[in-house]
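Raw protein.pdb, PDB, C-alpha atoms:
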```
ATOM      1  CA  MET A   1      -4.597  51.653  48.593
ATOM      2  CA  ASN A   2      -2.182  49.272  50.323
ATOM      3  CA  ASN A   3       0.748  47.606  48.589
ATOM      4  CA  SER A   4      -0.833  44.126  48.620
ATOM      5  CA  LEU A   5      -3.915  45.359  46.777
ATOM      6  CA  VAL A   6      -1.795  47.208  44.194
ATOM      7  CA  PHE A   7       0.265  44.072  43.663
ATOM      8  CA  LEU A   8      -2.887  41.964  43.235
ATOM      9  CA  LEU A   9      -4.368  44.376  40.686
ATOM     10  CA  GLU A  10      -1.108  44.476  38.727
ATOM     11  CA  LYS A  11      -0.968  40.671  38.740
ATOM     12  CA  MET A  12      -4.556  40.482  37.462
ATOM     13  CA  LYS A  13      -3.726  42.942  34.679
ATOM     14  CA  LEU A  14      -0.709  40.862  33.677
ATOM     15  CA  LYS A  15      -2.777  37.670  33.609
ATOM     16  CA  THR A  16      -5.456  39.399  31.536
ATOM     17  CA  PHE A  17      -2.815  40.709  29.147
ATOM     18  CA  ILE A  18      -1.248  37.249  28.764
ATOM     19  CA  TYR A  19      -4.698  35.712  28.239
ATOM     20  CA  PHE A  20      -5.561  38.109  25.417
ATOM     21  CA  ILE A  21      -2.131  37.732  23.776
ATOM     22  CA  THR A  22      -2.548  33.916  23.883
ATOM     23  CA  LEU A  23      -6.095  34.173  22.521
ATOM     24  CA  PHE A  24      -4.981  36.517  19.745
ATOM     25  CA  THR A  25      -2.084  34.240  18.787
ATOM     26  CA  THR A  26      -4.374  31.199  18.752
ATOM     27  CA  LEU A  27      -6.885  32.990  16.541
ATOM     28  CA  ILE A  28      -4.164  34.118  14.134
ATOM     29  CA  LEU A  29      -2.777  30.596  13.878
ATOM     30  CA  SER A  30      -6.230  29.068  13.498
ATOM     31  CA  VAL A  31      -7.158  31.144  10.434
ATOM     32  CA  GLN A  32      -3.897  30.507   8.589
ATOM     33  CA  ALA A  33      -3.157  27.328   6.704
ATOM     34  CA  GLN A  34      -0.038  25.633   8.013
ATOM     35  CA  ASP A  35       2.487  23.308   6.377
ATOM     36  CA  ILE A  36       4.534  21.259   8.823
ATOM     37  CA  GLU A  37       7.355  18.937   7.805
ATOM     38  CA  ASP A  38       8.178  16.008  10.074
ATOM     39  CA  THR A  39      10.831  13.297  10.240
ATOM     40  CA  LEU A  40      10.152   9.759  11.337
ATOM     41  CA  MET A  41      12.821   7.137  12.009
ATOM     42  CA  ILE A  42      11.859   3.645  10.843
ATOM     43  CA  TYR A  43      14.094   0.629  10.209
ATOM     44  CA  GLY A  44      17.186   2.798  10.736
ATOM     45  CA  ARG A  45      16.210   5.314   8.045
ATOM     46  CA  ASN A  46      14.901   8.861   8.349
ATOM     47  CA  ARG A  47      11.604   9.184   6.505
ATOM     48  CA  PHE A  48       9.802  12.451   5.851
ATOM     49  CA  TYR A  49       6.245  13.670   5.445
ATOM     50  CA  LYS A  50       4.553  17.038   5.138
ATOM     51  CA  THR A  51       1.226  17.872   6.752
ATOM     52  CA  HIS A  52      -1.071  20.639   5.508
ATOM     53  CA  LEU A  53      -3.478  21.954   8.155
ATOM     54  CA  PRO A  54      -6.351  23.832   6.509
ATOM     55  CA  ILE A  55      -7.367  27.425   7.089
ATOM     56  CA  GLY A  56      -9.337  27.630  10.342
ATOM     57  CA  TYR A  57      -7.837  24.432  11.774
ATOM     58  CA  ASP A  58      -9.286  23.972  15.266
ATOM     59  CA  PHE A  59      -8.057  21.371  17.787
ATOM     60  CA  SER A  60     -11.571  21.084  19.219
ATOM     61  CA  LYS A  61     -12.854  19.575  15.935
ATOM     62  CA  THR A  62     -11.913  16.346  14.172
ATOM     63  CA  TYR A  63     -10.798  16.399  10.532
ATOM     64  CA  PRO A  64     -10.735  13.906   7.668
ATOM     65  CA  VAL A  65      -7.242  13.145   6.339
ATOM     66  CA  VAL A  66      -6.180  12.656   2.720
ATOM     67  CA  PHE A  67      -2.782  11.110   2.001
ATOM     68  CA  VAL A  68      -1.481  12.250  -1.393
ATOM     69  CA  PHE A  69       1.319  10.161  -2.906
ATOM     70  CA  HIS A  70       3.691  11.619  -5.469
ATOM     71  CA  GLY A  71       4.564   9.776  -8.673
ATOM     72  CA  GLY A  72       7.863   8.104  -9.511
ATOM     73  CA  LEU A  73      10.806  10.552  -9.424
ATOM     74  CA  GLY A  74       8.514  13.126  -7.826
ATOM     75  CA  ASN A  75       8.158  14.672  -4.368
ATOM     76  CA  PRO A  76       5.436  16.272  -2.208
ATOM     77  CA  ASP A  77       6.097  19.861  -3.319
ATOM     78  CA  LEU A  78       5.579  18.971  -6.985
ATOM     79  CA  THR A  79       2.507  16.898  -6.148
ATOM     80  CA  GLU A  80       0.959  19.666  -4.067
ATOM     81  CA  ARG A  81       1.258  22.009  -7.068
ATOM     82  CA  LEU A  82       0.130  19.410  -9.555
ATOM     83  CA  THR A  83      -3.037  18.337  -7.710
ATOM     84  CA  GLY A  84      -4.066  21.491  -5.837
ATOM     85  CA  PHE A  85      -5.059  19.335  -2.869
ATOM     86  CA  SER A  86      -3.942  21.901  -0.268
ATOM     87  CA  THR A  87      -6.194  24.539  -1.827
ATOM     88  CA  LYS A  88      -9.042  22.019  -1.828
ATOM     89  CA  ALA A  89      -8.348  21.247   1.833
ATOM     90  CA  ASP A  90      -8.596  24.941   2.712
ATOM     91  CA  GLU A  91     -11.935  25.180   0.912
ATOM     92  CA  GLU A  92     -13.435  21.991   2.341
ATOM     93  CA  GLY A  93     -11.765  21.633   5.747
ATOM     94  CA  PHE A  94      -9.610  18.518   5.764
ATOM     95  CA  ILE A  95      -5.962  17.684   6.501
ATOM     96  CA  VAL A  96      -3.576  16.617   3.737
ATOM     97  CA  VAL A  97      -0.515  14.447   4.360
ATOM     98  CA  TYR A  98       2.158  14.356   1.645
ATOM     99  CA  PRO A  99       4.625  11.528   2.388
ATOM    100  CA  TYR A 100       8.059  11.359   0.787
ATOM    101  CA  GLY A 101       9.159   8.172  -0.961
ATOM    102  CA  THR A 102      12.826   7.181  -0.993
ATOM    103  CA  GLY A 103      15.741   7.655  -3.368
ATOM    104  CA  SER A 104      19.438   8.392  -3.581
ATOM    105  CA  PHE A 105      18.587  11.946  -2.452
ATOM    106  CA  ASP A 106      16.410  12.541   0.603
ATOM    107  CA  LYS A 107      13.740  14.703  -0.998
ATOM    108  CA  LYS A 108      14.044  14.509  -4.797
ATOM    109  CA  LEU A 109      13.640  11.819  -7.482
ATOM    110  CA  LEU A 110      11.767   9.532  -5.097
ATOM    111  CA  THR A 111       9.842   6.293  -5.620
ATOM    112  CA  TRP A 112       7.555   3.881  -3.764
ATOM    113  CA  ASN A 113       7.982   0.132  -3.367
ATOM    114  CA  THR A 114       4.734  -1.208  -4.828
ATOM    115  CA  TRP A 115       5.108  -4.910  -5.569
ATOM    116  CA  ASP A 116       7.077  -4.973  -8.871
ATOM    117  CA  CYS A 117       7.852  -1.266  -9.064
ATOM    118  CA  CYS A 118       9.594   1.187  -8.836
ATOM    119  CA  GLY A 119      13.252   2.271  -8.907
ATOM    120  CA  TYR A 120      15.241   2.811  -5.720
ATOM    121  CA  ALA A 121      12.422   1.817  -3.336
ATOM    122  CA  ASP A 122      11.859  -1.461  -5.147
ATOM    123  CA  LYS A 123      15.575  -2.294  -5.442
ATOM    124  CA  LYS A 124      16.211  -1.554  -1.754
ATOM    125  CA  ASN A 125      13.007  -3.381  -0.711
ATOM    126  CA  ILE A 126      11.784  -0.381   1.298
ATOM    127  CA  ASN A 127       8.798  -1.161   3.529
ATOM    128  CA  ASP A 128       6.494   1.728   2.593
ATOM    129  CA  VAL A 129       3.440   0.025   4.117
ATOM    130  CA  ASP A 130       4.962   0.147   7.595
ATOM    131  CA  PHE A 131       6.073   3.730   6.972
ATOM    132  CA  ILE A 132       2.510   4.861   6.203
ATOM    133  CA  LYS A 133       1.191   2.914   9.187
ATOM    134  CA  ALA A 134       3.724   4.729  11.394
ATOM    135  CA  VAL A 135       2.766   8.116   9.927
ATOM    136  CA  ILE A 136      -0.901   7.466  10.746
ATOM    137  CA  ALA A 137      -0.002   6.570  14.336
ATOM    138  CA  GLU A 138       2.041   9.771  14.639
ATOM    139  CA  ILE A 139      -0.533  12.162  13.160
ATOM    140  CA  LYS A 140      -3.190  10.703  15.455
ATOM    141  CA  LEU A 141      -1.065  11.900  18.372
ATOM    142  CA  LYS A 142      -0.256  15.305  16.892
ATOM    143  CA  TYR A 143      -3.488  16.400  15.250
ATOM    144  CA  SER A 144      -7.219  16.151  15.733
ATOM    145  CA  ILE A 145      -8.222  13.613  13.095
ATOM    146  CA  ASP A 146     -11.267  11.475  12.362
ATOM    147  CA  ASP A 147      -9.728   8.021  12.140
ATOM    148  CA  LYS A 148     -12.837   6.700  10.368
ATOM    149  CA  ARG A 149     -12.215   9.089   7.489
ATOM    150  CA  ILE A 150      -8.668   8.478   6.269
ATOM    151  CA  TYR A 151      -8.196   8.416   2.488
ATOM    152  CA  ALA A 152      -5.413   8.155  -0.085
ATOM    153  CA  ALA A 153      -4.868   9.489  -3.596
ATOM    154  CA  GLY A 154      -1.810   9.228  -5.817
ATOM    155  CA  LEU A 155      -0.437   9.606  -9.317
ATOM    156  CA  SER A 156       1.351   6.848 -11.281
ATOM    157  CA  ASN A 157       3.695   5.101  -8.797
ATOM    158  CA  GLY A 158       1.655   6.951  -6.144
ATOM    159  CA  GLY A 159      -1.489   5.427  -7.650
ATOM    160  CA  MET A 160       0.151   2.028  -7.234
ATOM    161  CA  MET A 161       0.608   2.942  -3.555
ATOM    162  CA  CYS A 162      -3.167   3.418  -3.338
ATOM    163  CA  TYR A 163      -3.718  -0.146  -4.565
ATOM    164  CA  LEU A 164      -1.055  -1.393  -2.130
ATOM    165  CA  ILE A 165      -2.770   0.402   0.755
ATOM    166  CA  ALA A 166      -6.159  -1.050  -0.229
ATOM    167  CA  SER A 167      -4.485  -4.460  -0.015
ATOM    168  CA  GLU A 168      -2.254  -4.079   3.050
ATOM    169  CA  LEU A 169      -3.809  -1.309   5.177
ATOM    170  CA  SER A 170      -7.473  -1.784   4.320
ATOM    171  CA  GLU A 171      -8.465  -1.621   7.991
ATOM    172  CA  LEU A 172      -7.208   1.990   8.211
ATOM    173  CA  PHE A 173      -8.424   3.583   4.952
ATOM    174  CA  ALA A 174     -12.020   4.278   3.944
ATOM    175  CA  ALA A 175     -11.332   4.994   0.244
ATOM    176  CA  VAL A 176      -8.488   5.389  -2.236
ATOM    177  CA  ALA A 177      -8.041   7.150  -5.584
ATOM    178  CA  PRO A 178      -5.384   5.742  -7.937
ATOM    179  CA  VAL A 179      -4.689   8.116 -10.854
ATOM    180  CA  ALA A 180      -2.716   6.738 -13.834
ATOM    181  CA  GLY A 181      -1.775   3.811 -11.599
ATOM    182  CA  ALA A 182      -1.688   0.057 -12.170
ATOM    183  CA  MET A 183      -1.337  -3.391 -10.659
ATOM    184  CA  PHE A 184       0.707  -6.405 -11.775
ATOM    185  CA  ASP A 185       0.259 -10.089 -12.604
ATOM    186  CA  THR A 186       2.257 -11.026  -9.523
ATOM    187  CA  THR A 187       0.082  -8.999  -7.148
ATOM    188  CA  SER A 188      -1.232 -10.933  -4.172
ATOM    189  CA  SER A 189      -4.027  -9.022  -2.478
ATOM    190  CA  ASN A 190      -5.877 -10.218   0.623
ATOM    191  CA  PRO A 191      -7.399  -7.137   2.286
ATOM    192  CA  LYS A 192      -8.845  -7.378   5.783
ATOM    193  CA  SER A 193     -11.761  -5.121   4.900
ATOM    194  CA  GLU A 194     -13.302  -3.310   1.939
ATOM    195  CA  VAL A 195     -12.014   0.009   0.612
ATOM    196  CA  SER A 196     -14.008   2.088  -1.870
ATOM    197  CA  MET A 197     -12.124   3.241  -4.980
ATOM    198  CA  ILE A 198     -12.316   6.021  -7.531
ATOM    199  CA  ILE A 199      -9.922   5.283 -10.399
ATOM    200  CA  PHE A 200      -8.652   7.450 -13.273
ATOM    201  CA  ASN A 201      -6.740   6.091 -16.271
ATOM    202  CA  SER A 202      -6.336   7.548 -19.753
ATOM    203  CA  ALA A 203      -6.904   5.554 -22.932
ATOM    204  CA  ASP A 204      -3.855   7.262 -24.492
ATOM    205  CA  ASP A 205      -1.427   6.786 -21.576
ATOM    206  CA  LEU A 206       1.930   5.623 -22.995
ATOM    207  CA  HIS A 207       3.546   5.122 -19.577
ATOM    208  CA  VAL A 208       0.893   2.952 -17.919
ATOM    209  CA  PRO A 209      -1.069   1.529 -20.888
ATOM    210  CA  TYR A 210      -4.828   1.240 -20.414
ATOM    211  CA  ASN A 211      -4.781  -2.214 -22.049
ATOM    212  CA  GLY A 212      -1.795  -3.390 -20.043
ATOM    213  CA  GLY A 213       1.721  -4.458 -20.949
ATOM    214  CA  VAL A 214       4.913  -2.406 -20.957
ATOM    215  CA  GLY A 215       4.412   1.292 -21.681
ATOM    216  CA  GLU A 216       6.072   2.707 -24.802
ATOM    217  CA  GLU A 217       7.339   5.682 -22.799
ATOM    218  CA  SER A 218       7.596   3.998 -19.406
ATOM    219  CA  LEU A 219      10.776   4.608 -17.416
ATOM    220  CA  VAL A 220      10.575   1.066 -16.037
ATOM    221  CA  ASP A 221      10.375  -2.250 -17.872
ATOM    222  CA  VAL A 222       7.309  -3.505 -16.024
ATOM    223  CA  ASP A 223       4.351  -5.483 -17.357
ATOM    224  CA  TYR A 224       1.121  -3.865 -16.117
ATOM    225  CA  LEU A 225      -2.291  -5.479 -15.865
ATOM    226  CA  PRO A 226      -5.000  -3.952 -18.085
ATOM    227  CA  VAL A 227      -6.959  -1.318 -16.146
ATOM    228  CA  GLU A 228     -10.282  -3.098 -16.564
ATOM    229  CA  THR A 229      -8.757  -6.394 -15.398
ATOM    230  CA  THR A 230      -7.665  -4.585 -12.223
ATOM    231  CA  VAL A 231     -11.108  -3.052 -11.735
ATOM    232  CA  ASN A 232     -12.785  -6.434 -12.230
ATOM    233  CA  LEU A 233     -10.357  -7.994  -9.757
ATOM    234  CA  TRP A 234     -11.547  -5.612  -7.029
ATOM    235  CA  ALA A 235     -15.207  -5.780  -8.057
ATOM    236  CA  ASN A 236     -15.107  -9.588  -7.825
ATOM    237  CA  LYS A 237     -13.256  -9.445  -4.501
ATOM    238  CA  TYR A 238     -16.007  -7.237  -3.062
ATOM    239  CA  ASN A 239     -18.907  -9.030  -4.789
ATOM    240  CA  ALA A 240     -19.791  -5.717  -6.411
ATOM    241  CA  PHE A 241     -22.312  -5.399  -9.242
ATOM    242  CA  LEU A 242     -22.212  -3.175 -12.303
ATOM    243  CA  MET A 243     -24.594  -0.327 -11.453
ATOM    244  CA  SER A 244     -24.204   2.090 -14.341
ATOM    245  CA  LYS A 245     -22.122   3.118 -17.316
ATOM    246  CA  SER A 246     -22.195   6.567 -18.895
ATOM    247  CA  GLU A 247     -20.245   8.514 -21.485
ATOM    248  CA  SER A 248     -19.280  12.137 -21.974
ATOM    249  CA  ALA A 249     -16.946  13.998 -24.318
ATOM    250  CA  ALA A 250     -14.115  13.557 -21.794
ATOM    251  CA  PHE A 251     -14.570  10.102 -20.243
ATOM    252  CA  ILE A 252     -16.472   6.854 -19.900
ATOM    253  CA  LYS A 253     -17.616   6.337 -16.305
ATOM    254  CA  THR A 254     -18.342   2.859 -14.920
ATOM    255  CA  ASN A 255     -19.778   2.323 -11.455
ATOM    256  CA  TYR A 256     -19.779  -0.853  -9.326
ATOM    257  CA  LYS A 257     -21.340  -1.258  -5.880
ATOM    258  CA  ASN A 258     -22.010  -4.067  -3.410
ATOM    259  CA  ASN A 259     -24.587  -4.627  -0.673
ATOM    260  CA  ASN A 260     -22.255  -3.116   1.951
ATOM    261  CA  GLY A 261     -22.156   0.201   0.097
ATOM    262  CA  THR A 262     -18.537  -0.296  -1.038
ATOM    263  CA  GLU A 263     -18.142   1.379  -4.417
ATOM    264  CA  ILE A 264     -15.681   1.253  -7.299
ATOM    265  CA  VAL A 265     -15.863   4.022  -9.897
ATOM    266  CA  LEU A 266     -13.695   3.982 -13.017
ATOM    267  CA  TYR A 267     -13.131   7.094 -15.127
ATOM    268  CA  LYS A 268     -11.676   6.026 -18.458
ATOM    269  CA  MET A 269     -10.305   9.348 -19.672
ATOM    270  CA  LEU A 270     -10.384   9.680 -23.447
ATOM    271  CA  SER A 271      -7.326  11.944 -23.519
ATOM    272  CA  GLY A 272      -4.717  13.454 -21.217
ATOM    273  CA  GLY A 273      -2.089  10.734 -21.352
ATOM    274  CA  HIS A 274      -0.103  10.129 -18.178
ATOM    275  CA  SER A 275      -1.361  13.075 -16.145
ATOM    276  CA  TRP A 276      -3.650  14.260 -13.349
ATOM    277  CA  PRO A 277      -6.971  15.374 -14.915
ATOM    278  CA  GLY A 278      -7.464  19.079 -14.279
ATOM    279  CA  GLY A 279      -4.019  19.355 -12.705
ATOM    280  CA  GLU A 280      -1.061  21.593 -13.402
ATOM    281  CA  LYS A 281       1.630  20.582 -15.863
ATOM    282  CA  ILE A 282       4.735  20.820 -13.683
ATOM    283  CA  ARG A 283       7.366  19.411 -16.031
ATOM    284  CA  ARG A 284       8.089  20.567 -19.558
ATOM    285  CA  PHE A 285       8.165  17.034 -20.992
ATOM    286  CA  ALA A 286       5.012  15.861 -19.181
ATOM    287  CA  ASP A 287       1.680  15.177 -20.887
ATOM    288  CA  ASN A 288      -0.895  17.967 -20.965
ATOM    289  CA  PRO A 289      -3.707  17.329 -18.455
ATOM    290  CA  VAL A 290      -7.302  17.759 -19.620
ATOM    291  CA  LYS A 291      -8.874  20.921 -18.226
ATOM    292  CA  ASN A 292     -12.574  20.030 -18.460
ATOM    293  CA  VAL A 293     -12.400  17.461 -15.632
ATOM    294  CA  SER A 294     -10.912  17.941 -12.158
ATOM    295  CA  ALA A 295      -9.753  14.691 -10.587
ATOM    296  CA  THR A 296      -9.157  16.530  -7.294
ATOM    297  CA  ASP A 297     -12.762  17.775  -7.139
ATOM    298  CA  LEU A 298     -14.217  14.393  -8.101
ATOM    299  CA  ILE A 299     -11.982  12.555  -5.639
ATOM    300  CA  TRP A 300     -12.986  14.757  -2.708
ATOM    301  CA  GLU A 301     -16.686  14.468  -3.609
ATOM    302  CA  PHE A 302     -16.225  10.690  -3.593
ATOM    303  CA  PHE A 303     -14.254  10.656  -0.333
ATOM    304  CA  LYS A 304     -16.140  13.088   1.839
ATOM    305  CA  ASP A 305     -19.253  11.022   2.590
ATOM    306  CA  ARG A 306     -17.400   7.756   3.156
ATOM    307  CA  SER A 307     -16.274   6.506   6.545
ATOM    308  CA  LYS A 308     -14.770   3.257   7.776
ATOM    309  CA  HIS A 309     -17.379   0.896   9.195
TER     310      HIS A 309
END
```
In structure tokens, what does this structure look like?
Amino acid sequence: MNNSLVFLLEKMKLKTFIYFITLFTTLILSVQAQDIEDTLMIYGRNRFYKTHLPIGYDFSKTYPVVFVFHGGLGNPDLTERLTGFSTKADEEGFIVVYPYGTGSFDKKLLTWNTWDCCGYADKKNINDVDFIKAVIAEIKLKYSIDDKRIYAAGLSNGGMMCYLIASELSELFAAVAPVAGAMFDTTSSNPKSEVSMIIFNSADDLHVPYNGGVGEESLVDVDYLPVETTVNLWANKYNAFLMSKSESAAFIKTNYKNNNGTEIVLYKMLSGGHSWPGGEKIRRFADNPVKNVSATDLIWEFFKDRSKH
């Protein structure tokens, strides 16, 4: 066998070896869930977000995306534990994005600027709408996403972000899920398109009162709209009709829908205070979440069949 043939065979073996190593590495990475933290510079400030790619993530497929917004003085790590959304993503096959709000520290005790609330973000007039818009543009470049199936969920101040998004980024989001969130008398909302909503508020919430006003245990002196006033505001905006109302031991569920298929569902929780139904209690002084209802499960069931028209 001449030297040229030996060299060619050795080269083919090397290529085959490299191919199988690459294939093996790709398969290993594709079956493992991945959490990637990214930094984005906007308006002279470093902003952060964490992306959870589900088990089996495959670049040849497109995936729905759920943004999950932490509450006031929270952060993505706490919210991931509290909601279990990464576990749900692994089970159901979607991407989760956990953005960071802003505060005096980069990654702790953070808030969102949502009209009249809250904290650092409100005082510094942080433009969180443009931040989320920039994150969407970036993840479209980095990951294989279905841009007709982008959703948002959030707790408390994060729930307020959901209402803000439905108002200011309605053309990008198919549905939102405010949990223990609220709107305000001064809210001006002129969405470009309709966004379906699944809403959770507790009758015994002392931070964001179901009947509106300033919460007895609220950390901010803000006057909230009653929950049902907020729901009616959106139902009227969408020309949605009352479809059904039902009761259980845990909640009263009210459903509105319009001729376009846009839907608003309100879960009035009968207990649980200021918490994520079915979630984990992550702070000693926090309210105890109910365990017989999973907001995360109900939210994903609501989201998964909805796409932007």
*May I have the residues within 8 Å of Val293 of chain A as a ChimeraX atom specification, using only C-alpha atoms and disregarding those fewer than 5 positions away in the same chain?*
/A:250,277-278
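The shortest atom-to-atom distance to Lys142 of chain A, with only C-alpha atoms taken into account, belongs to A:Leu53 out of A:Gly279, A:Gly181, A:Thr114, A:Leu53.
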*Take the PyMOL selection byres ((chain A and resi 233) around 12), apply it to the structure above, and return the hits as JSON, numbers by chain.*
{"A": [163, 167, 183, 184, 185, 187, 188, 189, 190, 225, 226, 227, 228, 229, 230, 231, 232, 234, 235, 236, 237, 238, 239, 240, 256, 264]}
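Atom CA of Val195 of chain A is found 27.2 Å from atom CA of Tyr57 of chain A.
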*Give as a list in words each residue that has an atom at most 10 Å from (-0.4, 20.8, 7.4) in the file, counting only C-alpha atoms.*
Ala33, Gln34, Asp35, Ile36, Glu37, Tyr49, Lys50, Thr51, His52, Leu53, Pro54, Ile55, Tyr57, Ser86, Ala89, Phe94, Ile95, Val96, Val97, Tyr98 and Tyr143 of chain A
